[in-house]
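In what follows, a structure is listed as structure tokens, so that the remarks can point back to it.
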Amino acid sequence: MLTSKTFLKKNKRGNVLKIVREHYLRDDLSCGSELCDECDSKEAILEKVPTSNSKQYTVPHYLLLDTNIILQQIDALEEPTLCNIVVIQTILQEVKHRSSSVYKRLKDLITNPNRKFYVFVNEHHHETYVERNPGESINDRNDRALRRVATWYEEHLSSHVRVILLTEDVRNRDLATGEGLLSCSIASYISQLTNGEPLLDKLSKIDAAVETSVKDSLYPLHATPTEIHAGIKSKTFLQGSFQASRENFLEGQVNCEGYDKPILVQGRDGLNRAIDGDTVAVRLLPEDQWSAPLELVLEDEGNMEDDEGGEEGKELMKKKSVPVAERRPTGQIVGIIKRKWRQYCGILQANPMAGSSRHLFVPAERKIPKIRVETRQIATLSTQRIVVAIDSWPRHSRYPQGHFVRALGPIGDKDTENEVLLLEHDVPHSKFSDLVLSYLPQMPWTITDEEVSRRSDLRHLDVCSVDPPGCTDIDDALHCRPLDNGNLEVGVHIADVSHFIKPGTPLDDEAALRATTVYLVDKRIDMVPGLLSGNLCSLRGNEERLAFSVIWELTEDARIVDAKFCKSVIRSRAALTYEQAQLIIDDPSQQTSIATSLRGLNRLAKILKKRRMDNGALVLASPEIRFHMDSETHEPLEVVAKKMRETNSMVEEFMLLANITVAEKIFHEFPDNAMLRRHPVPPPANFEPLQHAAKRQGFELNVSTGKDLATSLDLAVKPDNPYFNTMLRIIATRCMLQAVYFSSGMVQQSDFHHYGLAAPIYTHFTSPIRRYADIIVHRLLAACIGADATYPALLDKKASTALCYNLNYRNRQAQYAGRASVALHTHLFFRSRVQDEDGYVLYVRKNALQVLIPKYGLEGTLFLRCDSPGVSWTYNEKEQCQSCGNVVFHSFDPVTVQLSLDRSNVQHEKLVLKLVRPVIDGYSVPSVGNNTQDDDVDMVGEKNEAEAGGTEKEQGDCDQPETKKRKKKNKKNK
């Protein structure tokens with residue numbers, strides 16, 4: 001002990017306590033250099049003779065970094081050009097406290113032996129520890145500690161290797177120079193490297209942003225944190241999450257907690273440099289200034305100098321009177337509370353001025369504005385998909401400023417585009433690490449007699465699975481057999497994944513991070529390694545497997561007499577596809593035990609489904625498509641609508657029943673810690689677009705309860721338009737809130753209700769191979785029946801809440817990624833095709849029609865332009881219709897459009913919709929197709945299918961079956 005501090009402190013009772021803090025220092029801590037003979041060579045990481053690529057600092061040297069260099073320039077530090085770097089303990093801890101994401105990336109660099117990053121424990125070294133002087137700021141003390149370490153290294157290594165202190169702090173550089181140290185900015189250092197020019201593009205320009213005068217500014221000044229805090233406290237400002245519009249880049253809304261309706265923000269001043277996802281402070285405008293969303297589909301087609309967004313953008317900026325009944329609460333964003341910036345994928349839009357290094361980056365996500373980027377590699381990068389990070393958004397710039405991070409590959413290449421959609425949706429998709437794989441069972445693996453003795457042996461039952469064709473991760477199997485008392489025994493047997501994944505292991509941590517399997521058209525990203533998902537946990541036909549079983553005794557009218565839960569051993573008699581199972585049920589000559597079991601299950605499922613519908617469960621139907629892929633090139637050959645058979649519904653009903661039964665059990669045993677799933681009741685205001693759309697077609701929808709809505713939707717049928725009801729249900733889906741996982745102890749029981757299923761309590765139990773939530777539910781259920789013990793994190797409310805947050809986020813992102821994959825393959829499909837297809841007008845906008853094309857499950861925007869003689873469009877806002885001559889378009893009207901892919905812009909291919917029928921004076925209206933994306937909601941139905949590796953497989957949330965199918969349409973024309 002070389003230093004200690006003593007001070008007095010009062011406790012809660014008012015007693016004065018004497019507190020002594022001791023700081024221990026050592027003299028045996030290694031410098032980490034191979035050059036040093038005095039220190040422990042086992043810890044040597046820094047090279048003995050570091051290579052110098054610098055034209056200015058030709059002497060061999062190590063680099064010493066300050067906190068801001070790491071926080072702001074981590075993208076550049078990840079490049080292998082920069083090696084032999086010393087990170088002192090003081091800086092490491094400061095980075096940890098200021099940014100967990102940067103800290104994780106820095107730790108990855110430190111643990112990579114090829115990068116030569118060494119952590120020097122300066123705070124416990126007797127020659128480098130520095131006391132904080134009276135009146136000295138923490139920042140000044142840390143800068144002094146940094147300079148002390150630099151001096152010690154140079155003395156310790158006898159000047160054989162110099163140390164260069166990289167810092168952006170001018171005062172710190174001057175002090176270092178005065179002490180005889182080498183110091184410079186990171187930009188200055190990189191610019192002197194022989195191969196440093198590409199690395200300059202990766203430097204953050206965060207310090208380049210300066211506030212301009214009012215005369216030069218384009219945006220209002222943001223309120224300071226103190227002003228924001230005072231405003232929120234006095235209720236002058238409201239705090240909420242900003243959500244940008246997909247249809248109009250000059251509109252958005254702020255969702256404020258405790259405020260019934262989102263607050264509309266419009267125009268450049270209203271948006272005030274907010275980016276989708278930011279937490280913002282918004283000032284509500286007086287009611288006489290309230291507005292309504294503009295019925296325009298407006299894209300940002302501006303160039304480097306266009307600050308108005310085109311003529312339509314100027315129109316939006318004009319104040320227009322809005323009828324009082326249509327006005328929405330409107331406000332202006334006055335400050336940013338928390339940025340939610342991330343790295344963005346997209347393409348570069350080259351500056352038309354020859355020789356300029358400033359270009360515009362166009363993000364793949366339409367909600368994100370273009371980003372100004374400086375790069376000297378435009379000739380190379382203009383044909384690449386790249387990743388860019390935002391640094392700042394100064395008042396004088398129409399767009400935020402950012403820097404190039406890395407290139408992903410050629411535009412249009414399928415592997416590149418798959419990488420883009422995975423990165424854009426934050427899907428963990430790296431290979432499983434060796435550490436994770438080390439926790440897998442050793443092969444060959446068999447079920448031991450000891451394991452069988454601890455379980456119910458159900459290998460004598462005629463169990464079978466029913467899944468999509470080609471399914472390899474089979475989660476569930478079923479059986480049905482008559483009992484002596486005239487009732488039926490029905491069992492749902494679920495893969496016992498929790499047997500292989502033990503709590504707290506790296507395998508468990510990785511599964512919890514990934515949270516869900518992600519299904520793309522041509523592949524899947526597994527939540528657990530393939531040995532488990534496709535082999536040991538998959539309930540394959542004629543193979544013994546470990547399972548978790550729910551077994552009911554049901555009456556002939558599907559009433560539950562009793563329910564039992566057990567860990568089991570099963571042997572599936574057959575792994576059937578939906579079609580195979582349907583053929584067995586429909587063929588009267590089939591009288592095997594499996595056929596009898598399937599018929600019993602099918603009959604009971606029909607009763608269960610009718611009962612659900614009678615209770616008010618919603619069916620939000622829409623078509624779902626799948627691609628037939630070329631076996632060699634993996635290119636899409638054909639698009640077909642998926643067929644729904646009785647067997648789909650049969651499996652779905654028993655999965656739902658199992659989930660509800662298990663939810664009741666775990667909540668009864670663990671009322672404060674059960675992991676459940678709820679679907680909140682949408683506020684009445686959410687249903688206004690649906691009610692207006694139906695009313696214009698002569699239908700009154702009652703949305704008082706879920707049952708009233710379900711009944712109203714069933715009655716809303718137009719014989720002359722067979723697709724009308726489906727489109728109405730699509731709009732109904734967009735009125736829903738998102739279904740979410742939650743811990744029962746954090747929510748009132750009255751809020752457990754699942755609106756879409758009309759179920760008072762619900763959870764996910766039936767798909768543990770592809771959903772981590774189901775693994776947690778398995779562990780809870782095992783504890784309920786005494787098959788396993790609990791562990792601290794399982795019963796920790798705080799840990800469970802954090803886990804639910806990640807599960808909800810990953811589940812939502814997985815759904816978006818699946819839709820984006822369908823959109824990508826739709827583009828690939830149309831690269832060599834031009835086809836006429838029937839569609840329906842879903843929405844009428846002021847300058848466009850949004851058209852639904854059922855065959856491909858896509859929704860495109862058909863812009864209406866008056867660029868031909870005799871063509872003039874008139875928009876009737878009251879009737880929500882567009883007219884040209886004697887042709888009038890209303891919502892739900894049938895149309896025929898020509899679909900083709902415009903590849904003239906290699907950087908941004910576009911699916912083009914061209915109006916074929918009805919004919920407008922012999923003129924067809926061409927347009928670029930874009931797709932909208934609605935808020936995510938759950939699906940009803942446990943067996944929703946999706947393509948995976950050229951085959952179908954259940955995907956995503958399974959609370960409302962057809963909802964997810966419809967949502968895949970929304971990104972088709974991205």
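Residues are named by chain letter and number: chains run A, B, ... in the order of the structure tokens, numbers start at 1 in each chain, and ligands are numbered from 1 in the order shown.
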Output as a PDB file with N, CA and C atoms, in the first residue's frame all residues of stretch 238-394 of chain A that backbone DSSP marks as helix (DSSP H, G or I).
ATOM      1  N   GLY A 267     -41.938  19.336 -42.290  1.00  0.00           N
ATOM      2  CA  GLY A 267     -41.009  20.315 -42.820  1.00  0.00           C
ATOM      3  C   GLY A 267     -39.647  20.254 -42.162  1.00  0.00           C
ATOM      4  N   ARG A 268     -38.731  20.996 -42.750  1.00  0.00           N
ATOM      5  CA  ARG A 268     -37.355  20.963 -42.270  1.00  0.00           C
ATOM      6  C   ARG A 268     -37.247  21.505 -40.843  1.00  0.00           C
ATOM      7  N   ASP A 269     -37.934  22.597 -40.552  1.00  0.00           N
ATOM      8  CA  ASP A 269     -37.867  23.173 -39.212  1.00  0.00           C
ATOM      9  C   ASP A 269     -38.503  22.249 -38.186  1.00  0.00           C
ATOM     10  N   GLY A 270     -39.597  21.592 -38.566  1.00  0.00           N
ATOM     11  CA  GLY A 270     -40.287  20.708 -37.631  1.00  0.00           C
ATOM     12  C   GLY A 270     -39.459  19.488 -37.293  1.00  0.00           C
ATOM     13  N   LEU A 271     -38.814  18.902 -38.304  1.00  0.00           N
ATOM     14  CA  LEU A 271     -37.993  17.711 -38.077  1.00  0.00           C
ATOM     15  C   LEU A 271     -36.686  18.059 -37.371  1.00  0.00           C
ATOM     16  N   GLU A 287     -53.177  24.991 -31.092  1.00  0.00           N
ATOM     17  CA  GLU A 287     -54.137  24.175 -31.851  1.00  0.00           C
ATOM     18  C   GLU A 287     -54.468  24.774 -33.203  1.00  0.00           C
ATOM     19  N   ASP A 288     -54.442  26.103 -33.311  1.00  0.00           N
ATOM     20  CA  ASP A 288     -54.774  26.708 -34.608  1.00  0.00           C
ATOM     21  C   ASP A 288     -53.668  26.476 -35.640  1.00  0.00           C
ATOM     22  N   GLN A 289     -52.499  25.957 -35.189  1.00  0.00           N
ATOM     23  CA  GLN A 289     -51.415  25.638 -36.123  1.00  0.00           C
ATOM     24  C   GLN A 289     -51.280  24.132 -36.359  1.00  0.00           C
ATOM     25  N   GLY A 310     -37.364  19.643 -53.910  1.00  0.00           N
ATOM     26  CA  GLY A 310     -38.155  19.692 -55.129  1.00  0.00           C
ATOM     27  C   GLY A 310     -39.422  20.526 -54.952  1.00  0.00           C
ATOM     28  N   GLU A 311     -40.202  20.609 -56.033  1.00  0.00           N
ATOM     29  CA  GLU A 311     -41.418  21.413 -56.018  1.00  0.00           C
ATOM     30  C   GLU A 311     -42.419  20.900 -54.987  1.00  0.00           C
ATOM     31  N   GLU A 312     -42.539  19.554 -54.888  1.00  0.00           N
ATOM     32  CA  GLU A 312     -43.492  19.006 -53.936  1.00  0.00           C
ATOM     33  C   GLU A 312     -43.053  19.281 -52.514  1.00  0.00           C
ATOM     34  N   GLY A 313     -41.732  19.299 -52.313  1.00  0.00           N
ATOM     35  CA  GLY A 313     -41.223  19.635 -50.995  1.00  0.00           C
ATOM     36  C   GLY A 313     -41.547  21.077 -50.633  1.00  0.00           C
ATOM     37  N   LYS A 314     -41.434  21.983 -51.609  1.00  0.00           N
ATOM     38  CA  LYS A 314     -41.785  23.380 -51.360  1.00  0.00           C
ATOM     39  C   LYS A 314     -43.269  23.513 -51.033  1.00  0.00           C
ATOM     40  N   GLU A 315     -44.073  22.682 -51.686  1.00  0.00           N
ATOM     41  CA  GLU A 315     -45.510  22.716 -51.425  1.00  0.00           C
ATOM     42  C   GLU A 315     -45.804  22.313 -49.982  1.00  0.00           C
ATOM     43  N   LEU A 316     -45.056  21.341 -49.492  1.00  0.00           N
ATOM     44  CA  LEU A 316     -45.271  20.887 -48.121  1.00  0.00           C
ATOM     45  C   LEU A 316     -44.906  21.987 -47.135  1.00  0.00           C
ATOM     46  N   MET A 317     -43.882  22.780 -47.477  1.00  0.00           N
ATOM     47  CA  MET A 317     -43.424  23.811 -46.554  1.00  0.00           C
ATOM     48  C   MET A 317     -44.449  24.936 -46.410  1.00  0.00           C
ATOM     49  N   VAL A 324     -60.772  21.308 -39.115  1.00  0.00           N
ATOM     50  CA  VAL A 324     -60.527  21.032 -37.698  1.00  0.00           C
ATOM     51  C   VAL A 324     -60.636  19.545 -37.393  1.00  0.00           C
ATOM     52  N   ALA A 325     -61.607  18.875 -38.011  1.00  0.00           N
ATOM     53  CA  ALA A 325     -61.838  17.457 -37.715  1.00  0.00           C
ATOM     54  C   ALA A 325     -60.670  16.582 -38.136  1.00  0.00           C
ATOM     55  N   GLU A 326     -59.876  17.041 -39.112  1.00  0.00           N
ATOM     56  CA  GLU A 326     -58.769  16.233 -39.632  1.00  0.00           C
ATOM     57  C   GLU A 326     -57.432  16.581 -38.989  1.00  0.00           C
ATOM     58  N   ILE A 378     -13.981   7.352 -54.848  1.00  0.00           N
ATOM     59  CA  ILE A 378     -15.300   7.294 -55.472  1.00  0.00           C
ATOM     60  C   ILE A 378     -15.326   6.377 -56.688  1.00  0.00           C
ATOM     61  N   ALA A 379     -14.241   6.321 -57.452  1.00  0.00           N
ATOM     62  CA  ALA A 379     -14.217   5.468 -58.642  1.00  0.00           C
ATOM     63  C   ALA A 379     -14.414   3.999 -58.275  1.00  0.00           C
ATOM     64  N   THR A 380     -13.867   3.601 -57.137  1.00  0.00           N
ATOM     65  CA  THR A 380     -13.994   2.212 -56.687  1.00  0.00           C
ATOM     66  C   THR A 380     -15.309   1.982 -55.958  1.00  0.00           C
ATOM     67  N   LEU A 381     -15.659   2.916 -55.081  1.00  0.00           N
ATOM     68  CA  LEU A 381     -16.799   2.708 -54.194  1.00  0.00           C
ATOM     69  C   LEU A 381     -18.148   2.939 -54.860  1.00  0.00           C
TER      70      LEU A 381
END
Backbone-only DSSP, strand (DSSP E) members of stretch 645-682 of chain A, as a PyMOL selection string
chain A and resi 675-678
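Comparing the minimum interatomic distances between A:Thr416 and each of A:Leu915, A:Val86, A:Ile138, A:Leu824, counting only C-alpha atoms, we find that A:Leu824 sits nearest.
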I'd like the interatomic distance between atom CA of A:Glu909 and atom CA of A:Gly252, to a tenth of an Å.
26.0 Å
A:Leu701 surroundings by only C-alpha atoms, 12 Å radius, close-in-sequence under 4 positions cut, as a compact mmCIF listing (two decimals) with N, CA and C atoms, in the first residue's frame:
# COMPACT_ATOMS: atom_id res chain seq x y z
N PRO A 684 -58.57 3.28 -29.73
CA PRO A 684 -59.59 3.51 -30.77
C PRO A 684 -59.09 4.35 -31.94
N PHE A 687 -57.85 2.70 -35.18
CA PHE A 687 -58.78 2.07 -36.13
C PHE A 687 -59.40 3.08 -37.11
N GLU A 688 -59.09 4.37 -36.95
CA GLU A 688 -59.73 5.37 -37.80
C GLU A 688 -59.48 5.13 -39.29
N PRO A 689 -58.22 4.84 -39.73
CA PRO A 689 -58.02 4.59 -41.17
C PRO A 689 -58.84 3.39 -41.67
N LEU A 690 -58.94 2.35 -40.85
CA LEU A 690 -59.71 1.17 -41.23
C LEU A 690 -61.19 1.51 -41.34
N GLN A 691 -61.72 2.24 -40.37
CA GLN A 691 -63.14 2.57 -40.39
C GLN A 691 -63.48 3.49 -41.56
N HIS A 692 -62.60 4.45 -41.84
CA HIS A 692 -62.84 5.35 -42.97
C HIS A 692 -62.83 4.58 -44.29
N ALA A 693 -61.84 3.67 -44.44
CA ALA A 693 -61.75 2.89 -45.68
C ALA A 693 -63.00 2.03 -45.87
N ALA A 694 -63.46 1.40 -44.80
CA ALA A 694 -64.65 0.56 -44.90
C ALA A 694 -65.91 1.39 -45.16
N LYS A 695 -65.99 2.54 -44.51
CA LYS A 695 -67.18 3.37 -44.65
C LYS A 695 -67.34 3.86 -46.08
N ARG A 696 -66.22 4.18 -46.74
CA ARG A 696 -66.30 4.63 -48.12
C ARG A 696 -66.80 3.54 -49.05
N GLN A 697 -66.74 2.29 -48.58
CA GLN A 697 -67.23 1.16 -49.38
C GLN A 697 -68.60 0.68 -48.89
N THR A 705 -64.71 -4.19 -29.42
CA THR A 705 -63.96 -5.31 -28.88
C THR A 705 -63.36 -6.11 -30.03
N GLY A 706 -62.47 -7.02 -29.70
CA GLY A 706 -61.88 -7.87 -30.72
C GLY A 706 -62.93 -8.73 -31.40
N LYS A 707 -63.90 -9.20 -30.63
CA LYS A 707 -64.97 -10.03 -31.20
C LYS A 707 -65.83 -9.20 -32.16
N ASP A 708 -66.14 -7.96 -31.77
CA ASP A 708 -66.92 -7.09 -32.65
C ASP A 708 -66.17 -6.82 -33.95
N LEU A 709 -64.87 -6.60 -33.84
CA LEU A 709 -64.06 -6.35 -35.04
C LEU A 709 -64.04 -7.59 -35.93
N ALA A 710 -63.82 -8.76 -35.33
CA ALA A 710 -63.78 -10.00 -36.11
C ALA A 710 -65.10 -10.23 -36.83
N THR A 711 -66.22 -9.99 -36.14
CA THR A 711 -67.54 -10.17 -36.76
C THR A 711 -67.74 -9.19 -37.90
N SER A 712 -67.36 -7.92 -37.65
CA SER A 712 -67.52 -6.90 -38.70
C SER A 712 -66.70 -7.23 -39.93
N LEU A 713 -65.47 -7.70 -39.73
CA LEU A 713 -64.63 -8.05 -40.88
C LEU A 713 -65.22 -9.23 -41.65
N ASP A 714 -65.78 -10.20 -40.95
CA ASP A 714 -66.38 -11.34 -41.62
C ASP A 714 -67.54 -10.92 -42.51
N LEU A 715 -68.27 -9.87 -42.10
CA LEU A 715 -69.45 -9.43 -42.84
C LEU A 715 -69.11 -8.47 -43.98
N ALA A 716 -67.88 -7.92 -43.96
CA ALA A 716 -67.50 -6.93 -44.97
C ALA A 716 -67.03 -7.65 -46.24
N LEU A 728 -59.09 -5.32 -46.72
CA LEU A 728 -59.58 -4.70 -45.50
C LEU A 728 -58.84 -5.26 -44.29
N ARG A 729 -58.55 -6.55 -44.32
CA ARG A 729 -57.82 -7.16 -43.21
C ARG A 729 -56.35 -6.71 -43.19
N ALA A 732 -56.51 -3.57 -41.44
CA ALA A 732 -56.76 -3.86 -40.03
C ALA A 732 -55.47 -4.24 -39.32
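Of the residues under consideration (A:Thr555, A:Lys523, A:Val569, A:Lys643), A:Val569 shows the shortest atom-to-atom contact distance to A:Asp449 when counting only C-alpha atoms.
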What's the 8 Å shell around stretch 880-888 of chain A, counting only C-alpha atoms, without same-chain residues fewer than 6 positions away, as a list of chain:residue names?
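Selected residues are A:Val844, A:Arg845, A:Lys846, A:Val871, A:Ser872, A:Trp873, A:Thr874, A:Pro918, A:Ile920.
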By how many Å are atom CA of A:Phe548 and atom CA of A:Gly504 apart?
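Atom-to-atom, atom CA of A:Phe548 and atom CA of A:Gly504 are spaced 21.1 Å apart.
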Would you kindly return, as a CSV table (one decimal) with N, CA and C atoms, in the first residue's frame, each protein, DNA or RNA residue with an atom no farther than 8 Å from any atom of A:Gly409, considering only C-alpha atoms and excluding same-chain residues fewer than 3 positions away?
chain,number,residue,atom,x,y,z
A,384,GLN,N,-20.0,-0.2,-55.3
A,384,GLN,CA,-20.0,-1.1,-54.2
A,384,GLN,C,-21.1,-0.7,-53.2
A,385,ARG,N,-21.6,-1.7,-52.5
A,385,ARG,CA,-22.4,-1.5,-51.3
A,385,ARG,C,-21.4,-1.1,-50.2
A,386,ILE,N,-21.7,-0.1,-49.5
A,386,ILE,CA,-20.7,0.3,-48.5
A,386,ILE,C,-21.4,0.6,-47.1
A,413,ASP,N,-24.9,-8.1,-56.4
A,413,ASP,CA,-24.4,-9.4,-56.1
A,413,ASP,C,-25.2,-10.0,-54.9
A,416,THR,N,-23.6,-10.1,-51.5
A,416,THR,CA,-23.5,-8.7,-50.9
A,416,THR,C,-24.8,-8.2,-50.4
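With distances restricted to only C-alpha atoms, A:Leu63 is the closest residue to A:Leu46 from A:Val681, A:Ala823, A:Leu63, A:Val362.
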Can you pull out the residues contacting A:Ala511? Cut-off 10 Å, using only C-alpha atoms, and skip same-chain residues under 3 positions away; I want them as a PDB file with C-alpha atoms, in the first residue's frame.
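File part.pdb, as written:
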ATOM      1  CA  VAL A 436     -19.510 -21.786 -28.055  1.00  0.00           C
ATOM      2  CA  ILE A 501     -28.183 -25.648 -23.452  1.00  0.00           C
ATOM      3  CA  THR A 505     -22.715 -21.180 -20.571  1.00  0.00           C
ATOM      4  CA  PRO A 506     -21.265 -19.424 -23.638  1.00  0.00           C
ATOM      5  CA  LEU A 507     -23.680 -21.520 -25.739  1.00  0.00           C
ATOM      6  CA  ASP A 508     -26.597 -20.163 -23.713  1.00  0.00           C
ATOM      7  CA  ARG A 514     -29.356 -14.102 -31.199  1.00  0.00           C
ATOM      8  CA  ALA A 515     -32.803 -14.703 -29.652  1.00  0.00           C
ATOM      9  CA  THR A 516     -34.333 -16.172 -32.797  1.00  0.00           C
ATOM     10  CA  THR A 517     -33.540 -18.035 -35.996  1.00  0.00           C
ATOM     11  CA  ASP A 526     -29.629 -20.409 -36.867  1.00  0.00           C
ATOM     12  CA  MET A 527     -30.066 -19.386 -33.256  1.00  0.00           C
ATOM     13  CA  VAL A 528     -28.201 -22.515 -32.115  1.00  0.00           C
ATOM     14  CA  PRO A 529     -25.446 -24.494 -33.890  1.00  0.00           C
ATOM     15  CA  ILE A 769     -34.997 -24.638 -31.611  1.00  0.00           C
ATOM     16  CA  ARG A 770     -35.650 -21.240 -33.161  1.00  0.00           C
ATOM     17  CA  ARG A 771     -36.827 -19.004 -30.267  1.00  0.00           C
ATOM     18  CA  TYR A 772     -34.908 -18.351 -27.066  1.00  0.00           C
ATOM     19  CA  ILE A 775     -36.065 -22.151 -23.852  1.00  0.00           C
TER      20      ILE A 775
END
